[in-house]
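A.B. asks: Contents of data.txt (compact mmCIF, C-alpha atoms) are below:
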```txt
# COMPACT_ATOMS: atom_id res chain seq x y z
CA MET O 1 0.00 0.00 0.00
CA LEU O 2 1.27 3.45 -0.89
CA ASN O 3 2.35 5.52 2.07
CA LEU O 4 0.91 9.06 2.14
CA GLU O 5 4.23 10.53 3.28
CA TRP O 6 6.00 8.93 0.31
CA LEU O 7 3.56 10.65 -2.04
CA ARG O 8 3.84 14.01 -0.26
CA SER O 9 7.62 13.81 -0.53
CA PHE O 10 7.40 12.84 -4.21
CA LYS O 11 5.06 15.76 -4.97
CA ALA O 12 7.35 18.28 -3.25
CA ILE O 13 10.47 17.03 -5.10
CA TYR O 14 8.60 16.95 -8.43
CA GLU O 15 7.38 20.55 -8.04
CA GLU O 16 10.63 21.98 -6.65
CA GLY O 17 12.97 19.94 -8.86
CA ASN O 18 15.42 19.76 -5.99
CA ILE O 19 15.52 17.90 -2.68
CA SER O 20 17.15 20.81 -0.82
CA ARG O 21 14.30 23.14 -1.80
CA ALA O 22 11.59 20.53 -1.21
CA ALA O 23 12.69 19.58 2.32
CA PRO O 24 11.73 22.90 4.04
CA LYS O 25 8.25 22.74 2.51
CA LEU O 26 7.61 19.54 4.43
CA TYR O 27 9.56 20.60 7.53
CA SER O 28 11.88 17.67 6.78
CA SER O 29 15.61 17.10 6.37
CA GLN O 30 17.23 16.32 3.03
CA PRO O 31 18.28 12.80 4.15
CA GLY O 32 14.76 12.16 5.40
CA LEU O 33 13.24 13.22 2.09
CA SER O 34 15.72 11.11 0.14
CA MET O 35 14.76 8.09 2.25
CA GLN O 36 11.05 8.66 1.54
CA LEU O 37 11.75 8.85 -2.20
CA ARG O 38 13.84 5.64 -2.18
CA ALA O 39 11.08 3.79 -0.33
CA LEU O 40 8.51 4.90 -2.92
CA GLU O 41 10.74 3.89 -5.85
CA GLN O 42 11.37 0.47 -4.27
CA HIS O 43 7.65 -0.02 -3.74
CA LEU O 44 6.80 0.90 -7.36
CA GLY O 45 9.79 -0.86 -8.91
CA TYR O 46 11.13 1.97 -11.10
CA LYS O 47 13.11 5.20 -10.90
CA LEU O 48 11.16 8.45 -10.60
CA PHE O 49 13.93 11.01 -11.02
CA ILE O 50 17.23 11.29 -12.88
CA ARG O 51 19.85 13.50 -11.27
CA ALA O 52 21.27 16.26 -13.51
CA GLY O 53 23.67 18.21 -11.34
CA ARG O 54 21.57 19.54 -8.48
CA GLN O 55 18.34 19.13 -10.41
CA MET O 56 15.98 16.14 -10.24
CA LYS O 57 14.52 15.43 -13.69
CA PRO O 58 11.23 13.42 -13.56
CA THR O 59 11.03 10.23 -15.58
CA GLU O 60 7.99 9.42 -17.73
CA GLU O 61 6.73 7.19 -14.92
CA ALA O 62 7.07 10.14 -12.52
CA LYS O 63 5.04 12.36 -14.83
CA GLN O 64 2.26 9.78 -14.99
CA LEU O 65 2.31 9.26 -11.21
CA HIS O 66 2.17 13.00 -10.62
CA ALA O 67 -0.84 13.35 -12.91
CA TYR O 68 -2.66 10.57 -11.05
CA VAL O 69 -1.91 11.54 -7.47
CA LEU O 70 -1.96 15.36 -7.69
CA PRO O 71 -5.78 15.80 -7.47
CA ALA O 72 -6.00 13.40 -4.52
CA LEU O 73 -3.12 15.02 -2.65
CA GLU O 74 -4.51 18.52 -3.17
CA ARG O 75 -7.86 17.35 -1.84
CA LEU O 76 -6.22 15.79 1.22
CA GLU O 77 -4.27 19.00 1.85
CA GLN O 78 -7.50 21.00 1.70
CA VAL O 79 -9.09 18.65 4.22
CA GLU O 80 -6.04 18.93 6.49
CA GLU O 81 -6.10 22.73 6.33
CA LEU O 82 -9.83 22.82 7.05
CA PHE O 83 -9.47 20.66 10.15
CA GLN O 84 -6.47 22.64 11.37
CA GLN O 85 -8.52 25.85 11.11
CA THR O 86 -11.44 24.19 12.89
CA ALA O 87 -9.15 23.09 15.70
CA LEU O 88 -7.82 26.63 16.08
CA GLN O 89 -11.34 28.05 16.11
CA LYS O 90 -12.77 25.40 18.43
CA ARG O 91 -14.04 26.89 21.68
CA GLU O 92 -13.78 25.20 25.03
CA ARG O 93 -17.09 24.17 26.61
CA ILE O 94 -17.94 24.61 30.30
CA ARG O 95 -20.89 22.67 31.69
CA ILE O 96 -22.24 24.46 34.73
CA GLY O 97 -25.00 23.51 37.14
CA LEU O 98 -26.79 26.18 39.16
CA CYS O 99 -30.22 27.60 39.86
CA SER O 100 -31.86 29.45 36.97
CA GLU O 101 -32.32 32.63 39.00
CA ILE O 102 -28.62 33.08 39.77
CA PHE O 103 -27.79 32.28 36.15
CA SER O 104 -30.18 35.01 34.95
CA LEU O 105 -28.98 37.49 37.54
CA VAL O 106 -25.22 37.05 37.18
CA LEU O 107 -24.06 35.01 34.21
CA ALA O 108 -26.63 35.58 31.45
CA PRO O 109 -25.63 39.25 30.87
CA GLN O 110 -21.96 38.18 30.52
CA LEU O 111 -22.30 35.35 27.99
CA SER O 112 -21.38 37.44 24.95
CA THR O 113 -18.06 38.41 26.58
CA LEU O 114 -16.88 34.82 27.06
CA SER O 115 -14.31 33.18 24.80
CA PHE O 116 -15.77 29.72 25.53
CA ASP O 117 -19.15 28.04 25.32
CA VAL O 118 -21.42 27.57 28.34
CA HIS O 119 -23.93 24.76 28.76
CA ALA O 120 -26.08 25.63 31.79
CA ARG O 121 -28.02 22.97 33.67
CA PHE O 122 -30.88 23.87 36.01
CA ALA O 123 -32.05 21.20 38.43
CA ASP O 124 -32.37 20.42 42.13
CA ASN O 125 -29.20 19.99 44.19
CA SER O 126 -29.50 16.23 44.40
CA THR O 127 -29.60 15.87 40.61
CA LEU O 128 -26.76 18.33 40.05
CA PHE O 129 -24.47 16.60 42.54
CA LYS O 130 -25.09 13.26 40.81
CA GLU O 131 -24.23 14.80 37.44
CA LEU O 132 -21.07 16.32 38.91
CA GLU O 133 -19.97 12.90 40.18
CA GLN O 134 -20.72 11.38 36.76
CA GLY O 135 -18.47 13.92 35.06
CA LEU O 136 -21.39 15.65 33.33
CA LEU O 137 -20.65 19.01 34.94
CA ASP O 138 -17.43 21.03 35.12
CA LEU O 139 -18.71 23.43 37.78
CA LEU O 140 -21.50 23.42 40.34
CA ILE O 141 -22.69 26.58 42.09
CA THR O 142 -24.72 25.69 45.14
CA ALA O 143 -25.51 26.53 48.74
CA GLN O 144 -25.14 22.87 49.71
CA PRO O 145 -21.76 22.00 51.29
CA LEU O 146 -19.57 19.36 49.70
CA ASP O 147 -20.08 15.95 51.28
CA HIS O 148 -17.00 14.57 53.01
CA SER O 149 -17.00 11.51 50.74
CA LEU O 150 -16.46 13.74 47.69
CA LYS O 151 -13.61 15.88 49.05
CA LYS O 152 -10.88 13.63 47.66
CA ARG O 153 -11.99 14.32 44.08
CA PHE O 154 -13.70 17.72 44.29
CA GLU O 155 -12.94 21.06 45.92
CA ALA O 156 -15.41 23.66 47.20
CA ALA O 157 -14.56 27.36 47.35
CA HIS O 158 -16.81 29.74 49.26
CA PHE O 159 -17.37 32.88 47.17
CA SER O 160 -20.52 34.55 48.52
CA GLN O 161 -23.59 33.99 50.66
CA GLU O 162 -27.34 34.46 50.66
CA GLN O 163 -29.72 35.32 53.49
CA LEU O 164 -33.26 34.01 53.53
CA TYR O 165 -36.01 36.62 53.82
CA LEU O 166 -39.70 36.31 54.56
CA VAL O 167 -41.36 38.44 51.89
CA GLY O 168 -44.90 39.21 50.84
CA SER O 169 -46.97 40.90 48.19
CA LYS O 170 -46.99 44.70 48.18
CA ASN O 171 -50.59 45.18 49.38
CA LEU O 172 -50.27 43.18 52.60
CA ASP O 173 -50.90 45.04 55.86
CA LEU O 174 -47.68 44.45 57.79
CA SER O 175 -48.71 46.11 61.06
CA PRO O 176 -49.94 42.89 62.78
CA PHE O 177 -46.68 41.13 61.88
CA ARG O 178 -44.57 44.02 63.12
CA GLN O 179 -46.46 44.20 66.43
CA ALA O 180 -45.90 40.50 67.06
CA ILE O 181 -42.23 40.74 66.11
CA GLU O 182 -41.62 43.77 68.32
CA ALA O 183 -43.34 41.97 71.21
CA GLN O 184 -41.30 38.83 70.40
CA ASP O 185 -44.60 36.97 70.42
CA TYR O 186 -43.56 34.37 67.89
CA LYS O 187 -46.48 32.07 68.62
CA ARG O 188 -48.87 34.83 67.58
CA LEU O 189 -46.68 35.58 64.56
CA THR O 190 -46.85 31.97 63.36
CA GLN O 191 -50.64 32.05 63.64
CA GLN O 192 -50.81 35.26 61.63
CA LEU O 193 -48.49 33.95 58.94
CA ARG O 194 -50.57 30.81 58.47
CA GLU O 195 -53.62 32.92 57.59
CA PHE O 196 -52.08 33.80 54.20
CA PRO O 197 -51.34 31.75 51.07
CA TRP O 198 -47.78 30.39 50.92
CA TYR O 199 -45.60 29.73 47.89
CA ALA O 200 -42.66 27.32 47.60
CA VAL O 201 -40.61 25.55 44.94
CA ILE O 202 -41.44 21.97 43.95
CA ASN O 203 -38.82 19.53 45.33
CA GLU O 204 -36.89 22.43 46.93
CA MET O 205 -38.57 23.11 50.29
CA GLU O 206 -35.28 23.59 52.08
CA HIS O 207 -35.51 27.40 52.17
CA SER O 208 -38.91 27.38 53.90
CA ARG O 209 -37.98 24.60 56.33
CA ARG O 210 -34.67 26.23 57.22
CA PHE O 211 -36.13 29.68 57.90
CA TRP O 212 -38.99 28.27 59.97
CA SER O 213 -36.73 26.02 62.02
CA ASP O 214 -34.18 28.80 62.68
CA ASN O 215 -36.78 31.30 63.84
CA PHE O 216 -39.61 29.31 65.41
CA ASP O 217 -37.68 26.35 66.83
CA GLU O 218 -40.02 23.88 65.17
CA SER O 219 -40.47 22.11 61.88
CA LEU O 220 -42.56 23.76 59.21
CA PRO O 221 -46.09 22.88 60.40
CA PHE O 222 -47.97 23.23 57.13
CA GLN O 223 -47.81 22.48 53.40
CA PRO O 224 -47.48 25.54 51.13
CA ASN O 225 -50.59 26.31 49.11
CA PHE O 226 -48.82 26.80 45.78
CA MET O 227 -45.88 24.68 44.65
CA LEU O 228 -44.20 26.27 41.62
CA PRO O 229 -41.22 25.25 39.44
CA SER O 230 -38.83 28.07 40.40
CA LEU O 231 -38.25 31.03 42.69
CA ALA O 232 -38.56 33.32 39.68
CA THR O 233 -42.15 32.20 39.09
CA ILE O 234 -42.94 32.73 42.79
CA ILE O 235 -41.58 36.28 42.60
CA GLN O 236 -43.75 36.99 39.57
CA CYS O 237 -46.85 35.63 41.32
CA LEU O 238 -46.24 37.66 44.48
CA LYS O 239 -46.05 40.84 42.40
CA THR O 240 -49.70 40.44 41.40
CA GLN O 241 -51.27 38.14 43.98
CA GLU O 242 -51.48 38.01 47.75
CA GLY O 243 -49.15 35.64 49.49
CA LEU O 244 -45.91 34.91 51.36
CA ALA O 245 -42.67 33.11 50.55
CA ILE O 246 -39.12 32.54 51.82
CA ILE O 247 -36.68 33.82 49.19
CA PRO O 248 -32.90 34.50 49.21
CA ASP O 249 -32.11 38.21 49.40
CA ILE O 250 -29.90 38.20 46.30
CA LEU O 251 -32.92 37.42 44.12
CA ILE O 252 -35.30 40.11 45.34
CA GLN O 253 -33.24 43.26 45.89
CA LYS O 254 -34.69 44.97 42.83
CA GLU O 255 -38.27 44.09 43.81
CA LEU O 256 -37.77 45.33 47.38
CA GLU O 257 -36.20 48.60 46.21
CA SER O 258 -39.04 49.21 43.72
CA LYS O 259 -41.61 48.20 46.40
CA GLU O 260 -43.06 45.50 44.16
CA LEU O 261 -42.56 43.18 47.17
CA GLN O 262 -42.34 43.82 50.90
CA LEU O 263 -39.75 42.54 53.33
CA ILE O 264 -41.74 41.19 56.26
CA TRP O 265 -38.91 39.76 58.36
CA SER O 266 -35.25 38.85 58.08
CA GLY O 267 -35.63 36.63 61.14
CA LYS O 268 -34.55 36.75 64.77
CA THR O 269 -31.76 34.37 63.77
CA PRO O 270 -30.43 35.19 60.28
CA SER O 271 -30.69 32.16 58.00
CA VAL O 272 -27.52 32.48 55.94
CA ASN O 273 -26.35 30.05 53.29
CA PRO O 274 -22.76 30.15 52.02
CA LEU O 275 -22.49 29.81 48.23
CA TYR O 276 -19.84 27.50 46.83
CA PHE O 277 -18.01 26.82 43.58
CA ILE O 278 -17.56 23.06 43.41
CA ARG O 279 -15.27 21.58 40.75
CA ASP O 280 -13.03 18.63 40.01
CA LYS O 281 -9.56 19.18 41.47
CA HIS O 282 -7.93 17.84 38.31
CA SER O 283 -9.96 19.75 35.72
CA ARG O 284 -8.00 20.82 32.65
CA LYS O 285 -10.29 23.84 32.22
CA GLU O 286 -8.59 25.91 34.92
CA LYS O 287 -8.49 29.15 32.91
CA GLU O 288 -12.20 29.12 32.06
CA LEU O 289 -13.29 28.14 35.57
CA GLU O 290 -11.22 30.89 37.15
CA LEU O 291 -12.79 33.44 34.81
CA LEU O 292 -16.28 32.28 35.77
CA LYS O 293 -15.37 32.52 39.44
CA ALA O 294 -14.16 36.09 38.91
CA ILE O 295 -17.40 37.02 37.15
CA PHE O 296 -19.54 35.68 39.96
CA LYS O 297 -17.47 37.41 42.62
CA GLN O 298 -17.68 40.70 40.75
CA LYS O 299 -21.31 40.57 39.62
CA MET O 300 -23.05 39.30 42.74
CA PRO O 301 -25.40 41.98 44.12
CA PRO O 302 -23.55 44.72 46.06
CA GLN O 303 -25.46 44.11 49.28
CA ILE O 304 -24.11 40.59 49.51
CA LYS O 305 -20.54 41.65 48.81
CA LYS O 306 -20.82 44.31 51.50
CA GLU O 307 -22.09 41.76 54.02
CA LEU O 308 -19.18 39.45 53.21
CA GLN O 309 -16.69 42.24 53.85
CA SER O 310 -18.22 43.38 57.10
```
Could you quickly redo this structure as structure tokens?
C.D. replies:
Amino acid sequence: MLNLEWLRSFKAIYEEGNISRAAPKLYSSQPGLSMQLRALEQHLGYKLFIRAGRQMKPTEEAKQLHAYVLPALERLEQVEELFQQTALQKRERIRIGLCSEIFSLVLAPQLSTLSFDVHARFADNSTLFKELEQGLLDLLITAQPLDHSLKKRFEAAHFSQEQLYLVGSKNLDLSPFRQAIEAQDYKRLTQQLREFPWYAVINEMEHSRRFWSDNFDESLPFQPNFMLPSLATIIQCLKTQEGLAIIPDILIQKELESKELQLIWSGKTPSVNPLYFIRDKHSRKEKELELLKAIFKQKMPPQIKKELQS
């Protein structure tokens, strides 16, 4: 079978008429090129060039061979060039798992500035941790600490935090709540809170349970009235309909400032969740992951950054 390198060497010598000029075109040495030519001639069984001083004169067999192989070699060179260009243009891909709200708040506005592709995955923490273990994610952003059993393979870096707030729709009368809070009558406060519709996220009740346990020293004693797919949909509902929800502060700053929602209570015991970057310790995508970390540190809402520094 003809060796492709033999034919490439033959083509270069044929077109240059000289081994010394042909060798640099193939990033080869003159002895190396001569060896390729001898191997081709031995395989075919006839001479391809006649030396005339420093020139290499093609034989009739060489002229025929050149006519046959030239179109194929040119096509192969075009394919090689195309794939080399594609490799140079190929962008790295980062697969990131996080909640959709933080993605929209922090990363979505920055996508056009990135020199790599991002595949974002939105799911509950349990699912995202499984996908991280399976190698389906390069980065996980979560408030859930890294389990001890995973610390050998993965590392978790704390980069921010969120505080859980009890919030309500803008038309609620807050005076009964405030009176109970000021009197530290938390039993009365729980009774008042249960008189209103509650919203929570399907399969992600941890926020509500955590806030209730931290501040009322008991488990959440009721089932929310409306179970929705995301915190973003809860925020939208509370803007137009009466109700209450437990929502991280980083997601509702704009709504609180514009008075589209009301802050009812930040709690007698602040319910604070650290936020972590979790990644494989041996990832080869160090540059891209560090850039994402820098974006999140820079673009997190100012209130949170201030709290971290205080």
A.B. asks: Rank nothing, just name the residue among O:Lys57, O:Lys268, O:Arg279, O:Lys63 nearest to Arg153 (chain O), using only C-alpha atoms.
C.D. replies: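 Among the listed residues, the smallest separation from Arg153 (chain O) belongs to O:Arg279.
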A.B. asks: Which residue, O:Leu76, O:Ile50, O:Ile252, O:Leu139, has the smallest gap to Leu164 (chain O) when you use all atoms listed in the file?
C.D. replies: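 With all atoms listed in the file as the atom set, the closest residue is O:Ile252.
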A.B. asks: For a test of reading the model, state the distance in Å between CA of Thr142 (chain O) and CA of Lys259 (chain O), rounded to one decimal.
C.D. replies: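 Value for the CA of Thr142 (chain O)-CA of Lys259 (chain O) distance: 28.2 Å.
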A.B. asks: Would you mind reading off the distance between CA of Leu231 (chain O) and CA of Val201 (chain O), one decimal, in Å?
C.D. replies: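 Calculated distance between CA of Leu231 (chain O) and CA of Val201 (chain O) is 6.4 Å.
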A.B. asks: Which residue gives the smallest distance to Glu204 (chain O) among O:Cys99, O:Ile181, O:Leu37, O:Cys237, with all atoms listed in the file counted?
C.D. replies: O:Cys99
A.B. asks: Please determine, counting only C-alpha atoms, which residue among O:Arg95, O:Pro176, O:Ser283, O:Lys187 has the shortest atom-to-atom distance to Leu136 (chain O).
C.D. replies: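 Among the listed residues, the smallest separation from Leu136 (chain O) belongs to O:Arg95.
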A.B. asks: Restricting the calculation to only C-alpha atoms: of O:His207, O:Asn225, O:Lys287, O:Ser219, which residue gets closest to Arg194 (chain O)?
C.D. replies: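 Counting only C-alpha atoms, the residue closest to Arg194 (chain O) is O:Asn225.
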A.B. asks: One number please: CA of Gln134 (chain O) to CA of Gln161 (chain O), in Å, one decimal.
C.D. replies: 26.7 Å
A.B. asks: Hey, what's within 8 Å of Ser271 (chain O) if we count all atoms listed in the file and toss same-chain stuff fewer than 4 positions away? As a short mmCIF file (atom, residue, chain, number, x, y, z; two decimals) with C-alpha atoms, in the coordinates of the input, please?
C.D. replies:
```cif
data_model
loop_
_atom_site.label_atom_id
_atom_site.label_comp_id
_atom_site.auth_asym_id
_atom_site.auth_seq_id
_atom_site.Cartn_x
_atom_site.Cartn_y
_atom_site.Cartn_z
CA GLN O 163 -29.72 35.32 53.49
CA LEU O 164 -33.26 34.01 53.53
CA ARG O 210 -34.67 26.23 57.22
CA PHE O 211 -36.13 29.68 57.90
CA ASP O 214 -34.18 28.80 62.68
CA GLY O 267 -35.63 36.63 61.14
#
```
A.B. asks: Identify, on the basis of only C-alpha atoms, every residue whose closest approach to Ala157 (chain O) does not exceed 9 Å; exclude the query and any residue fewer than 5 positions from it along the same chain; express the result as a PyMOL selection string.
C.D. replies: chain O and resi 275-279
A.B. asks: Find the axis-aligned box for region 266-269 of chain O, covering all its listed atoms and adding 3 Å on each side, and write its centre and edge lengths in Å to one decimal as JSON.
C.D. replies:
```
{"center_x": -33.7, "center_y": 36.6, "center_z": 61.4, "size_x": 9.9, "size_y": 10.5, "size_z": 12.7}
```
A.B. asks: Counting all atoms listed in the file, which of O:Tyr14, O:Gln78, O:Gln192, O:Tyr68 gets nearest to Leu48 (chain O)?
C.D. replies: O:Tyr14
A.B. asks: Would you pick out the contacts of region 220-223 of chain O at 8 Å or less, using all atoms listed in the file, so that residues sharing its chain but fewer than 2 positions from it are not included, and give the list as a PyMOL selection string?
C.D. replies: chain O and resi 208-209+212-213+218+225
A.B. asks: Using only C-alpha atoms, which protein or nucleic acid residues come within 7 Å of Ser266 (chain O)? Drop anything in the same chain fewer than 4 positions from it, and give the result as a PyMOL selection string.
C.D. replies: chain O and resi 164-166+270
A.B. asks: Tell me, as a ChimeraX atom specification, which residues lie within 10 Å of Phe159 (chain O), counting only C-alpha atoms; anything in the same chain fewer than 4 positions away does not count.
C.D. replies: /O:141,274-277,293-294,296-297,300,305,308
A.B. asks: Per residue of region 186-245 of chain O within 12 Å of region 107-124 of chain O, record the nearest atom pair and its distance in Å to one decimal, counting all atoms listed in the file, with rows in chain order and ascending residue number, as a tab-separated table.
C.D. replies:
```
residue	atom	partner	partner_atom	distance
O:Val201	CA	O:Asp124	CA	10.1
O:Ile202	CA	O:Asp124	CA	9.4
O:Asn203	CA	O:Asp124	CA	7.3
O:Glu204	CA	O:Asp124	CA	6.9
O:Met205	CA	O:Asp124	CA	10.6
O:Glu206	CA	O:Asp124	CA	10.8
O:Pro229	CA	O:Ala123	CA	10.1
O:Ser230	CA	O:Ala123	CA	9.9
```
A.B. asks: Tell me which residues come within 6 Å of (-34.7, 33.7, 37.0), as a PyMOL selection string, counting all atoms listed in the file in the file's coordinates.
C.D. replies: chain O and resi 100-101+104+232
